[in-house]
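Colleague: Here you go, this is final-v4.csv (CSV, C-alpha atoms).
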```csv
chain,number,residue,atom,x,y,z
Y,1302,MET,CA,-10.8,-30.0,9.7
Y,1303,THR,CA,-7.6,-28.0,9.1
Y,1304,ILE,CA,-5.8,-25.9,6.5
Y,1305,VAL,CA,-4.7,-28.3,3.8
Y,1306,ASP,CA,-1.2,-27.7,2.7
Y,1307,THR,CA,-1.8,-27.8,-1.0
Y,1308,PRO,CA,0.9,-27.1,-3.7
Y,1309,GLU,CA,-0.7,-23.7,-4.3
Y,1310,ARG,CA,-0.4,-22.8,-0.6
Y,1311,ARG,CA,3.2,-23.9,-0.5
Y,1312,GLN,CA,3.9,-21.6,-3.4
Y,1313,LEU,CA,2.0,-18.8,-1.5
Y,1314,ARG,CA,4.3,-19.4,1.5
Y,1315,GLU,CA,7.4,-19.2,-0.7
Y,1316,LEU,CA,6.1,-16.0,-2.4
Y,1317,THR,CA,5.3,-14.4,0.9
Y,1318,ARG,CA,8.7,-15.3,2.4
Y,1319,ALA,CA,10.5,-14.0,-0.6
Y,1320,PHE,CA,8.6,-10.7,-0.4
Y,1321,VAL,CA,9.4,-10.3,3.3
Y,1322,THR,CA,13.1,-11.0,2.7
Y,1323,ARG,CA,13.3,-8.6,-0.2
Y,1324,GLU,CA,10.9,-5.8,0.6
Y,1325,VAL,CA,10.6,-5.8,4.4
Y,1326,LEU,CA,13.6,-7.0,6.4
Y,1327,PRO,CA,16.1,-4.4,5.1
Y,1328,HIS,CA,13.7,-1.6,6.2
Y,1329,LEU,CA,11.6,-2.8,9.1
Y,1330,ALA,CA,13.8,-1.2,11.8
Y,1331,ASP,CA,13.6,2.2,10.0
Y,1332,TRP,CA,9.8,1.9,9.7
Y,1333,GLU,CA,9.5,1.1,13.4
Y,1334,ARG,CA,11.4,4.4,14.1
Y,1335,ALA,CA,9.4,6.3,11.6
Y,1336,GLY,CA,6.1,5.1,13.0
Y,1337,SER,CA,4.6,3.8,9.7
Y,1338,VAL,CA,5.2,1.8,6.6
Y,1339,PRO,CA,5.5,3.6,3.2
Y,1340,ARG,CA,2.8,3.6,0.6
Y,1341,ALA,CA,5.3,2.0,-1.8
Y,1342,LEU,CA,5.1,-1.2,0.3
Y,1343,HIS,CA,1.4,-1.5,-0.5
Y,1344,GLU,CA,2.1,-1.1,-4.2
Y,1345,ALA,CA,4.9,-3.7,-4.0
Y,1346,ALA,CA,2.6,-6.2,-2.2
Y,1347,ALA,CA,-0.1,-5.6,-4.8
Y,1348,ARG,CA,2.3,-6.2,-7.7
Y,1349,VAL,CA,3.1,-9.7,-6.5
Y,1350,GLY,CA,-0.5,-10.5,-5.7
Y,1351,LEU,CA,-0.3,-10.5,-1.9
Y,1352,LEU,CA,-2.4,-7.5,-1.1
Y,1353,GLY,CA,-5.5,-9.0,-2.8
Y,1354,ILE,CA,-5.3,-12.5,-1.2
Y,1355,GLY,CA,-8.7,-13.4,0.2
Y,1356,PHE,CA,-10.6,-11.0,-2.1
Y,1357,PRO,CA,-12.4,-12.2,-5.2
Y,1358,GLU,CA,-11.0,-11.4,-8.6
Y,1359,ARG,CA,-14.3,-9.7,-9.6
Y,1360,VAL,CA,-13.4,-6.8,-7.2
Y,1361,GLY,CA,-9.7,-6.6,-8.1
Y,1362,GLY,CA,-8.5,-9.2,-5.7
Y,1363,SER,CA,-6.1,-12.2,-6.2
Y,1364,GLY,CA,-8.7,-14.8,-5.2
Y,1365,GLY,CA,-8.3,-17.3,-2.4
Y,1366,ASP,CA,-10.2,-17.4,0.9
Y,1367,LEU,CA,-9.7,-16.9,4.6
Y,1368,LEU,CA,-7.4,-19.9,4.8
Y,1369,ASP,CA,-5.1,-18.4,2.2
Y,1370,SER,CA,-5.1,-15.1,4.1
Y,1371,ILE,CA,-4.1,-16.9,7.2
Y,1372,VAL,CA,-1.2,-18.6,5.4
Y,1373,VAL,CA,0.1,-15.1,4.3
Y,1374,THR,CA,-0.2,-13.7,7.8
Y,1375,GLU,CA,1.6,-16.6,9.4
Y,1376,GLU,CA,4.4,-16.6,6.9
Y,1377,ILE,CA,5.0,-12.8,7.1
Y,1378,ILE,CA,5.7,-13.1,10.8
Y,1379,ARG,CA,7.7,-16.4,10.6
Y,1380,ALA,CA,9.9,-14.9,7.9
Y,1381,GLY,CA,10.9,-12.1,10.3
Y,1382,GLY,CA,8.1,-9.5,9.9
Y,1383,SER,CA,5.8,-8.6,12.8
Y,1384,SER,CA,2.1,-8.4,13.8
Y,1385,GLY,CA,2.5,-4.6,13.6
Y,1386,LEU,CA,3.6,-4.9,10.0
Y,1387,VAL,CA,0.6,-7.2,9.2
Y,1388,ALA,CA,-1.7,-4.6,10.8
Y,1389,ALA,CA,-0.3,-1.7,8.8
Y,1390,LEU,CA,-0.1,-3.5,5.4
Y,1391,PHE,CA,-3.4,-5.4,5.6
Y,1392,THR,CA,-5.7,-2.9,7.3
Y,1393,HIS,CA,-7.9,-3.2,4.2
Y,1394,GLY,CA,-8.7,-6.7,5.5
Y,1395,ILE,CA,-11.1,-4.9,7.9
Y,1396,ALA,CA,-11.9,-1.8,5.9
Y,1397,LEU,CA,-13.1,-3.4,2.7
Y,1398,PRO,CA,-15.1,-6.7,3.4
Y,1399,HIS,CA,-18.3,-4.8,4.2
Y,1400,MET,CA,-18.2,-3.1,0.8
Y,1401,VAL,CA,-17.5,-6.4,-1.0
Y,1402,ALA,CA,-20.2,-8.2,0.8
Y,1403,ALA,CA,-22.7,-5.5,0.1
Y,1404,ALA,CA,-21.8,-5.6,-3.6
Y,1405,GLY,CA,-23.2,-9.1,-4.0
Y,1406,SER,CA,-22.0,-11.8,-6.3
Y,1407,ASP,CA,-22.9,-10.3,-9.6
Y,1408,SER,CA,-22.9,-6.5,-8.9
Y,1409,PRO,CA,-20.1,-4.0,-9.4
Y,1410,GLY,CA,-21.0,-2.6,-6.0
Y,1411,PRO,CA,-23.6,-0.2,-4.6
Y,1412,ALA,CA,-23.0,3.3,-5.8
Y,1413,ASP,CA,-19.7,2.2,-7.3
Y,1414,LEU,CA,-18.0,1.7,-3.9
Y,1415,VAL,CA,-16.1,-1.2,-5.3
Y,1416,GLU,CA,-14.7,0.9,-8.2
Y,1417,ARG,CA,-14.0,3.9,-6.1
Y,1418,TYR,CA,-12.5,2.3,-3.1
Y,1419,VAL,CA,-12.0,-1.5,-3.3
Y,1420,ARG,CA,-10.1,-1.8,-6.6
Y,1421,PRO,CA,-7.7,1.1,-5.9
Y,1422,THR,CA,-6.9,-0.2,-2.4
Y,1423,LEU,CA,-6.2,-3.8,-3.6
Y,1424,ALA,CA,-4.0,-2.2,-6.3
Y,1425,GLY,CA,-2.0,-0.5,-3.6
Y,1426,THR,CA,-2.8,3.0,-4.7
Y,1427,MET,CA,-5.2,3.8,-1.8
Y,1428,ILE,CA,-5.2,3.0,1.9
Y,1429,GLY,CA,-8.4,2.3,3.9
Y,1430,ALA,CA,-9.1,2.1,7.6
Y,1431,LEU,CA,-12.0,0.9,9.8
Y,1432,ALA,CA,-13.3,3.3,12.5
Y,1433,ILE,CA,-15.5,1.6,15.2
Y,1434,THR,CA,-13.9,2.2,18.6
Y,1435,GLU,CA,-14.8,5.5,20.4
Y,1436,PRO,CA,-13.2,7.3,23.3
Y,1437,GLU,CA,-16.0,6.3,25.7
Y,1438,GLY,CA,-17.3,3.1,24.0
Y,1439,GLY,CA,-14.4,0.6,24.0
Y,1440,SER,CA,-15.6,-2.8,23.1
Y,1441,ASP,CA,-19.3,-1.9,23.3
Y,1442,VAL,CA,-20.1,-1.5,19.6
Y,1443,ALA,CA,-23.8,-1.1,20.3
Y,1444,ALA,CA,-23.1,2.1,22.3
Y,1445,ILE,CA,-21.5,4.0,19.4
Y,1446,ARG,CA,-22.3,7.7,19.8
Y,1447,THR,CA,-20.8,9.1,16.5
Y,1448,HIS,CA,-24.1,10.2,14.9
Y,1449,ALA,CA,-25.2,10.7,11.3
Y,1450,ARG,CA,-28.3,12.7,10.5
Y,1451,ARG,CA,-29.8,12.5,7.1
Y,1452,ASP,CA,-30.0,15.8,5.2
Y,1453,GLY,CA,-31.2,15.3,1.7
Y,1454,ASP,CA,-28.5,13.5,-0.4
Y,1455,HIS,CA,-26.0,13.6,2.5
Y,1456,TYR,CA,-25.5,12.5,6.0
Y,1457,VAL,CA,-24.2,15.0,8.6
Y,1458,VAL,CA,-21.7,13.2,10.9
Y,1459,ASN,CA,-20.6,14.4,14.3
Y,1460,GLY,CA,-18.5,12.4,16.8
Y,1461,ALA,CA,-15.0,10.9,17.4
Y,1462,LYS,CA,-13.1,7.7,17.0
Y,1463,THR,CA,-9.9,6.5,18.6
Y,1464,TYR,CA,-7.3,3.7,18.3
Y,1465,ILE,CA,-7.8,3.6,14.5
Y,1466,THR,CA,-5.2,1.5,12.8
Y,1467,SER,CA,-3.7,3.2,9.7
Y,1468,GLY,CA,-5.9,6.2,10.5
Y,1469,VAL,CA,-3.1,8.6,9.8
Y,1470,ARG,CA,-2.3,7.3,6.4
Y,1471,ALA,CA,-5.8,6.2,5.3
Y,1472,ASP,CA,-7.4,7.9,2.3
Y,1473,PHE,CA,-10.8,6.8,3.4
Y,1474,VAL,CA,-12.3,5.4,6.6
Y,1475,THR,CA,-15.1,2.9,6.8
Y,1476,THR,CA,-17.0,4.4,9.7
Y,1477,ALA,CA,-19.7,3.1,12.0
Y,1478,VAL,CA,-22.2,5.7,12.9
Y,1479,CYS,CA,-25.4,5.8,14.8
Y,1480,THR,CA,-28.4,6.6,12.6
Y,1481,GLY,CA,-31.0,6.5,15.4
Y,1482,ARG,CA,-31.2,7.3,19.1
Y,1483,LEU,CA,-27.7,8.2,20.4
Y,1484,GLY,CA,-25.9,5.4,22.3
Y,1485,ARG,CA,-28.4,2.6,21.5
Y,1486,GLY,CA,-29.7,3.3,18.1
Y,1487,PRO,CA,-29.2,1.3,14.9
Y,1488,LEU,CA,-25.8,1.6,13.2
Y,1489,THR,CA,-24.9,2.4,9.6
Y,1490,LEU,CA,-21.6,2.1,7.8
Y,1491,LEU,CA,-20.4,5.1,5.8
Y,1492,VAL,CA,-17.2,5.6,3.8
Y,1493,ILE,CA,-15.7,9.0,4.7
Y,1494,ASP,CA,-12.9,10.5,2.6
Y,1495,LYS,CA,-9.9,12.2,4.1
Y,1496,GLY,CA,-10.0,15.9,3.3
Y,1497,THR,CA,-13.8,16.1,3.7
Y,1498,PRO,CA,-14.5,19.4,5.5
Y,1499,GLY,CA,-14.9,18.9,9.2
Y,1500,PHE,CA,-13.0,15.5,9.2
Y,1501,THR,CA,-9.8,15.9,11.3
Y,1502,VAL,CA,-7.1,13.3,11.8
Y,1503,GLY,CA,-5.2,13.8,15.1
Y,1504,ARG,CA,-1.5,13.3,15.5
Y,1505,PRO,CA,-0.2,9.7,15.6
Y,1506,LEU,CA,-0.7,8.0,18.9
Y,1507,GLU,CA,2.4,6.8,20.7
Y,1508,LYS,CA,2.1,3.1,21.7
Y,1509,LEU,CA,3.9,0.3,23.5
Y,1510,GLY,CA,4.2,-1.8,20.4
Y,1511,TRP,CA,3.1,-2.0,16.8
Y,1512,HIS,CA,5.4,1.0,16.2
Y,1513,CYS,CA,5.4,0.7,12.4
Y,1514,SER,CA,1.6,0.7,12.4
Y,1515,ASP,CA,0.2,4.2,12.7
Y,1516,THR,CA,-2.7,4.7,15.0
Y,1517,ALA,CA,-5.0,7.8,15.1
Y,1518,GLU,CA,-7.8,9.7,16.7
Y,1519,LEU,CA,-10.5,11.0,14.3
Y,1520,SER,CA,-12.9,13.8,14.8
Y,1521,PHE,CA,-16.1,14.6,12.8
Y,1522,VAL,CA,-17.7,18.0,13.1
Y,1523,ASP,CA,-20.7,18.5,10.7
Y,1524,VAL,CA,-19.0,16.3,8.1
Y,1525,ARG,CA,-21.2,16.0,5.1
Y,1526,VAL,CA,-21.0,12.5,3.6
Y,1527,PRO,CA,-22.9,11.6,0.4
Y,1528,VAL,CA,-25.6,9.0,0.8
Y,1529,ALA,CA,-23.8,7.3,-2.1
Y,1530,ASN,CA,-21.0,6.5,0.4
Y,1531,ARG,CA,-23.3,4.3,2.5
Y,1532,ILE,CA,-22.5,0.6,2.6
Y,1533,GLY,CA,-25.7,-1.4,2.3
Y,1534,THR,CA,-28.9,-0.1,3.6
Y,1535,GLU,CA,-29.4,2.2,6.5
Y,1536,ASP,CA,-29.5,0.7,10.0
Y,1537,THR,CA,-27.8,-2.6,9.0
Y,1538,GLY,CA,-24.3,-1.7,10.2
Y,1539,PHE,CA,-24.3,-3.6,13.4
Y,1540,LEU,CA,-25.0,-6.9,11.7
Y,1541,ALA,CA,-22.3,-6.2,9.0
Y,1542,ILE,CA,-19.8,-5.5,11.7
Y,1543,MET,CA,-20.6,-8.6,13.6
Y,1544,GLN,CA,-20.4,-10.8,10.5
Y,1545,HIS,CA,-16.8,-9.8,9.9
Y,1546,PHE,CA,-15.5,-9.9,13.4
Y,1547,ALA,CA,-14.7,-13.6,13.0
Y,1548,THR,CA,-12.2,-12.9,10.2
Y,1549,GLU,CA,-10.5,-10.1,12.2
Y,1550,ARG,CA,-10.3,-12.2,15.4
Y,1551,LEU,CA,-8.8,-15.2,13.5
Y,1552,THR,CA,-6.2,-12.9,11.9
Y,1553,LEU,CA,-5.2,-11.7,15.3
Y,1554,ALA,CA,-5.1,-15.3,16.6
Y,1555,THR,CA,-2.9,-16.2,13.6
Y,1556,SER,CA,-0.6,-13.3,14.5
Y,1557,ALA,CA,-0.4,-14.6,18.0
Y,1558,TYR,CA,0.5,-18.2,17.3
Y,1559,ALA,CA,2.8,-17.2,14.4
Y,1560,THR,CA,4.6,-14.7,16.8
Y,1561,ALA,CA,5.0,-17.6,19.3
Y,1562,GLN,CA,6.4,-19.9,16.6
Y,1563,ARG,CA,8.9,-17.2,15.5
Y,1564,CYS,CA,10.0,-16.6,19.1
Y,1565,VAL,CA,10.5,-20.4,19.5
Y,1566,GLU,CA,12.8,-20.3,16.4
Y,1567,LEU,CA,14.7,-17.3,17.7
Y,1568,ALA,CA,15.1,-18.8,21.2
Y,1569,VAL,CA,16.3,-22.2,19.8
Y,1570,ARG,CA,18.9,-20.4,17.6
Y,1571,TRP,CA,20.1,-18.3,20.5
Y,1572,CYS,CA,20.3,-21.2,22.9
Y,1573,ARG,CA,22.4,-23.2,20.4
Y,1574,ASP,CA,24.8,-20.3,19.7
Y,1575,ARG,CA,25.1,-18.9,23.2
Y,1576,SER,CA,27.4,-20.5,25.7
Y,1577,THR,CA,27.7,-20.0,29.4
Y,1578,PHE,CA,30.3,-21.6,31.7
Y,1579,GLY,CA,31.8,-23.4,28.8
Y,1580,ARG,CA,28.6,-25.1,27.5
Y,1581,PRO,CA,25.9,-24.1,25.0
Y,1582,LEU,CA,22.6,-23.2,26.7
Y,1583,VAL,CA,20.8,-25.9,24.8
Y,1584,ASP,CA,23.0,-28.5,26.5
Y,1585,ARG,CA,21.1,-27.9,29.8
Y,1586,GLN,CA,18.0,-30.0,30.4
Y,1587,LEU,CA,16.2,-27.1,32.0
Y,1588,VAL,CA,16.6,-25.0,28.8
Y,1589,ARG,CA,15.7,-27.9,26.5
Y,1590,HIS,CA,12.5,-28.6,28.5
Y,1591,ARG,CA,11.5,-24.9,28.5
Y,1592,LEU,CA,12.0,-24.8,24.7
Y,1593,ALA,CA,9.9,-28.0,24.4
Y,1594,GLY,CA,7.1,-26.4,26.4
Y,1595,MET,CA,7.2,-23.3,24.3
Y,1596,HIS,CA,7.1,-25.3,21.1
Y,1597,THR,CA,4.2,-27.3,22.3
Y,1598,ALA,CA,2.2,-24.3,23.2
Y,1599,ALA,CA,2.8,-22.6,19.9
Y,1600,GLU,CA,2.0,-25.6,17.8
Y,1601,SER,CA,-1.1,-26.5,19.8
Y,1602,ALA,CA,-2.5,-23.0,19.3
Y,1603,ARG,CA,-1.8,-23.2,15.6
Y,1604,ALA,CA,-3.6,-26.5,15.2
Y,1605,TYR,CA,-6.7,-25.2,17.0
Y,1606,VAL,CA,-6.8,-21.8,15.1
Y,1607,HIS,CA,-6.5,-23.7,11.8
Y,1608,GLU,CA,-9.3,-26.0,12.8
Y,1609,VAL,CA,-11.6,-23.2,13.7
Y,1610,ALA,CA,-10.6,-21.2,10.6
Y,1611,ALA,CA,-11.4,-24.1,8.3
Y,1612,ARG,CA,-14.9,-24.3,9.9
Y,1613,VAL,CA,-15.5,-20.6,9.4
Y,1614,ALA,CA,-14.4,-20.9,5.8
Y,1615,ALA,CA,-16.9,-23.8,5.4
Y,1616,GLY,CA,-19.7,-21.5,6.6
Y,1617,GLU,CA,-20.2,-23.0,10.1
Y,1618,PRO,CA,-21.6,-20.6,12.8
Y,1619,VAL,CA,-18.7,-21.0,15.3
Y,1620,VAL,CA,-18.7,-17.7,17.2
Y,1621,THR,CA,-17.8,-19.4,20.5
Y,1622,GLU,CA,-15.0,-21.3,18.9
Y,1623,VAL,CA,-13.5,-18.2,17.3
Y,1624,ALA,CA,-13.4,-16.5,20.7
Y,1625,MET,CA,-11.7,-19.6,22.2
Y,1626,ALA,CA,-9.2,-19.7,19.3
Y,1627,LYS,CA,-8.2,-16.1,19.9
Y,1628,ASN,CA,-7.8,-16.6,23.6
Y,1629,VAL,CA,-5.9,-19.8,23.2
Y,1630,ALA,CA,-3.5,-18.3,20.7
Y,1631,VAL,CA,-3.0,-15.1,22.7
Y,1632,ALA,CA,-2.3,-17.1,25.9
Y,1633,ALA,CA,0.3,-19.2,24.1
Y,1634,CYS,CA,1.9,-16.1,22.6
Y,1635,SER,CA,2.1,-14.3,25.9
Y,1636,ARG,CA,3.8,-17.3,27.5
Y,1637,VAL,CA,6.2,-18.0,24.7
Y,1638,VAL,CA,7.4,-14.4,24.1
Y,1639,ASP,CA,8.0,-13.9,27.8
Y,1640,GLU,CA,10.1,-17.1,28.0
Y,1641,ALA,CA,11.9,-16.4,24.8
Y,1642,LEU,CA,13.0,-13.0,26.0
Y,1643,GLN,CA,14.1,-14.5,29.3
Y,1644,LEU,CA,16.3,-17.0,27.5
Y,1645,HIS,CA,17.9,-14.2,25.5
Y,1646,GLY,CA,19.0,-12.6,28.8
Y,1647,GLY,CA,20.2,-9.0,28.6
Y,1648,PHE,CA,20.3,-9.0,24.8
Y,1649,GLY,CA,16.6,-9.7,24.7
Y,1650,TYR,CA,15.9,-6.4,26.5
Y,1651,LEU,CA,17.7,-4.4,23.7
Y,1652,ARG,CA,15.9,-2.8,20.8
Y,1653,ASP,CA,18.3,-4.6,18.5
Y,1654,ALA,CA,16.8,-7.9,19.5
Y,1655,GLU,CA,13.9,-9.1,17.3
Y,1656,VAL,CA,12.4,-10.9,20.3
Y,1657,GLU,CA,12.1,-7.6,22.1
Y,1658,ARG,CA,9.9,-6.2,19.3
Y,1659,HIS,CA,7.7,-9.3,19.4
Y,1660,TYR,CA,7.4,-9.0,23.2
Y,1661,ARG,CA,6.0,-5.4,22.9
Y,1662,ASP,CA,3.9,-6.1,19.8
Y,1663,SER,CA,2.2,-9.2,21.3
Y,1664,ARG,CA,0.6,-7.3,24.2
Y,1665,LEU,CA,-2.0,-5.8,21.9
Y,1666,LEU,CA,-3.2,-9.1,20.6
Y,1667,GLY,CA,-5.3,-9.7,23.7
Y,1668,ILE,CA,-6.9,-6.3,23.3
Y,1669,GLY,CA,-7.6,-5.7,19.6
Y,1670,GLY,CA,-10.6,-7.2,17.9
Y,1671,GLY,CA,-12.3,-7.7,21.3
Y,1672,THR,CA,-10.4,-8.1,24.6
Y,1673,THR,CA,-9.7,-11.4,26.2
Y,1674,GLU,CA,-12.5,-10.6,28.7
Y,1675,ILE,CA,-15.0,-10.0,25.9
Y,1676,MET,CA,-14.0,-13.3,24.4
Y,1677,ASN,CA,-14.6,-15.0,27.7
Y,1678,GLU,CA,-18.1,-13.4,27.9
Y,1679,ILE,CA,-18.8,-14.8,24.4
Y,1680,ILE,CA,-17.5,-18.2,25.5
Y,1681,ALA,CA,-19.7,-18.1,28.6
Y,1682,LYS,CA,-22.8,-17.4,26.6
Y,1683,GLY,CA,-21.9,-20.2,24.3
Y,1684,MET,CA,-21.8,-22.5,27.3
Y,1685,GLY,CA,-25.3,-21.3,28.3
Y,1686,LEU,CA,-24.1,-19.3,31.3
```
Just give me the structure as structure tokens.
Modeller:
Amino acid sequence: MTIVDTPERRQLRELTRAFVTREVLPHLADWERAGSVPRALHEAAARVGLLGIGFPERVGGSGGDLLDSIVVTEEIIRAGGSSGLVAALFTHGIALPHMVAAAGSDSPGPADLVERYVRPTLAGTMIGALAITEPEGGSDVAAIRTHARRDGDHYVVNGAKTYITSGVRADFVTTAVCTGRLGRGPLTLLVIDKGTPGFTVGRPLEKLGWHCSDTAELSFVDVRVPVANRIGTEDTGFLAIMQHFATERLTLATSAYATAQRCVELAVRWCRDRSTFGRPLVDRQLVRHRLAGMHTAAESARAYVHEVAARVAAGEPVVTEVAMAKNVAVAACSRVVDEALQLHGGFGYLRDAEVERHYRDSRLLGIGGGTTEIMNEIIAKGMGL
């Protein structure tokens, strides 16, 4: 199984590349310095139908499925964008699916969450974030300590979240809270609006990479959240989070192999144009063989991620394979970006070099969505170990 390159997906690639060329490339360096992308970019992506890819039309999306979303992610990076840009522009890909799933196939959504949050976000007029990670919890989702106590028609929320992508710009945050015994109790998902009394967004966190993707710490002190903002039924949040991890991990895997592919292209171009001692770099067998190895690693990772993604889209329970796909793609990316920067020499170390940005951005891919070590633990369990 693989992602079939249909005429519609070829058109989707062309649309994505044209969007990046027109709306992203002239401004990406400025957004990197500013530490975020403008809201206008969300609206522009919505106008051409990219923001809603992978979401059904019944909730305001553009249709398509996981495989179409992967095509968009891949093409954004290969057209000169970055994994940080993907994270900033498509944070709704992890903030909204729980609401859409809870809405069911024929319902407008429980308590109008679809109308209040999903549709405006897919139209580019709102920005959402997902808040799971906590200062002391890391990858241990079950140990979440942000607590929600029921008080009539509201929940009273206390706790903190960290490393929240788009947390600074977000209008609302899909937040995982403990609704039972602290640290090991059942989880519930609540939508918390920015501006709610007691909800504080800290200053943007400074990071190694993903500079155009703002990241925040969040604090909740006696925040009153309407029960109407609960996603699904109480105490079902853990299952909802686990069900959507596959999509997040495959998106990161796609960012990894696409970054590797882009760095191969950049390195090939550089080695053809750059001459040393009177000869182009590409004339040297050592350089050609290194490029060949980089290309092989990137394309192999792409093929495996596509295969696993197609199985996920078909409804197969492939938790172990998703973890392997992420690790395979991250390993390929780590190798390729390092070798691509080395081939660029001193120029590759400068901020003016695109390969330098990919080198920094790629380091997060083995951390976000579950670390490489967590993926290995999932793989080991899948092996019966």
Colleague: Using only C-alpha atoms, which residues of region 1454-1534 of chain Y come within 12 Å of region 1373-1384 of chain Y, and what is the closest atom pair for each, with the distance in Å to one decimal? Give it as CSV, sorted by chain and residue number.
Modeller:
```
residue,atom,partner,partner_atom,distance
Y:Gly1510,CA,Y:Ser1384,CA,9.6
Y:Trp1511,CA,Y:Ser1384,CA,7.1
Y:His1512,CA,Y:Ser1383,CA,10.2
Y:Cys1513,CA,Y:Ser1383,CA,9.3
Y:Ser1514,CA,Y:Ser1384,CA,9.2
```
Colleague: Using Å and a single decimal, report how far CA of Val1637 (chain Y) sits from CA of Ala1593 (chain Y).
Modeller: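 Calculated distance between CA of Ala1593 (chain Y) and CA of Val1637 (chain Y) is 10.7 Å.
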Colleague: Quick one: of Y:Lys1508, Y:Ala1341, Y:Asn1530, Y:Arg1470, who's nearest to Val1492 (chain Y), counting all atoms listed in the file?
Modeller: Y:Asn1530
Colleague: Counting all atoms listed in the file, select every polymer residue within 9 Å of (-2.3, -10.7, 18.5) as defined in the file's coordinates, and provide the selection as a VMD selection string.
Modeller: chain Y and resid 1384 1550 1552 to 1558 1560 1627 1630 to 1631 1634 1662 to 1669
Colleague: Using all atoms listed in the file, pick whichever of Y:Met1625, Y:Ala1330, Y:Ile1680, Y:Leu1316 has the shortest atom-to-atom distance to Glu1608 (chain Y).
Modeller: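 Among the listed residues, the smallest separation from Glu1608 (chain Y) belongs to Y:Met1625.
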Colleague: Measure the distance from CA of Asp1452 (chain Y) to CA of Val1528 (chain Y) in Å and round it to one decimal.
Modeller: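 CA of Val1528 (chain Y) lies 9.2 Å from CA of Asp1452 (chain Y).
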Colleague: Can you pull out every residue within 7 Å of Ala1599 (chain Y), counting all atoms listed in the file, but drop anything in the same chain fewer than 6 positions away, and send it as number ranges by chain?
Modeller: Y: 1558, 1561-1562, 1633
Colleague: Only C-alpha atoms, please: the residues just picked out, written as an mmCIF file, in the frame of the given file.
Modeller:
```cif
data_model
loop_
_atom_site.group_PDB
_atom_site.id
_atom_site.type_symbol
_atom_site.label_atom_id
_atom_site.label_comp_id
_atom_site.auth_asym_id
_atom_site.auth_seq_id
_atom_site.Cartn_x
_atom_site.Cartn_y
_atom_site.Cartn_z
ATOM 1 C CA TYR Y 1558 0.500 -18.200 17.300
ATOM 2 C CA ALA Y 1561 5.000 -17.600 19.300
ATOM 3 C CA GLN Y 1562 6.400 -19.900 16.600
ATOM 4 C CA ALA Y 1633 0.300 -19.200 24.100
#
```
Colleague: So how far away is CA of Leu1390 (chain Y) from CA of Ala1449 (chain Y), in Å?
Modeller: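 A separation of 29.4 Å between them.
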Colleague: Near Ala1424 (chain Y), counting all atoms listed in the file, which residues have an atom at most 10 Å away, once you skip same-chain residues fewer than 5 positions from it, shown as a list in words?
Modeller: His1343, Glu1344, Ala1345, Ala1346, Ala1347, Arg1348, Gly1350, Leu1352, Gly1353, Gly1361, Gly1362 and Val1419 of chain Y
Colleague: Taking into account all atoms listed in the file, which residue in the set Y:Cys1572, Y:Leu1540, Y:Val1524, Y:Val1620 is nearest to Ala1403 (chain Y)?
Modeller: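 That would be Y:Leu1540, the residue with the smallest distance to Ala1403 (chain Y).
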Colleague: May I have the protein, DNA and RNA residues with any atom at most 10 Å from the point (-12.9, -11.9, 11.4), counting all atoms listed in the file, written as a list in words?
Modeller: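 Answer for this query, in the requested form: Leu1367, Gly1394, Ile1395, Pro1398, Ile1542, Met1543, Gln1544, His1545, Phe1546, Ala1547, Thr1548, Glu1549, Arg1550, Leu1551, Thr1552, Leu1553, Ala1554, Ala1610, Val1613, Val1623 and Gly1670 of chain Y.
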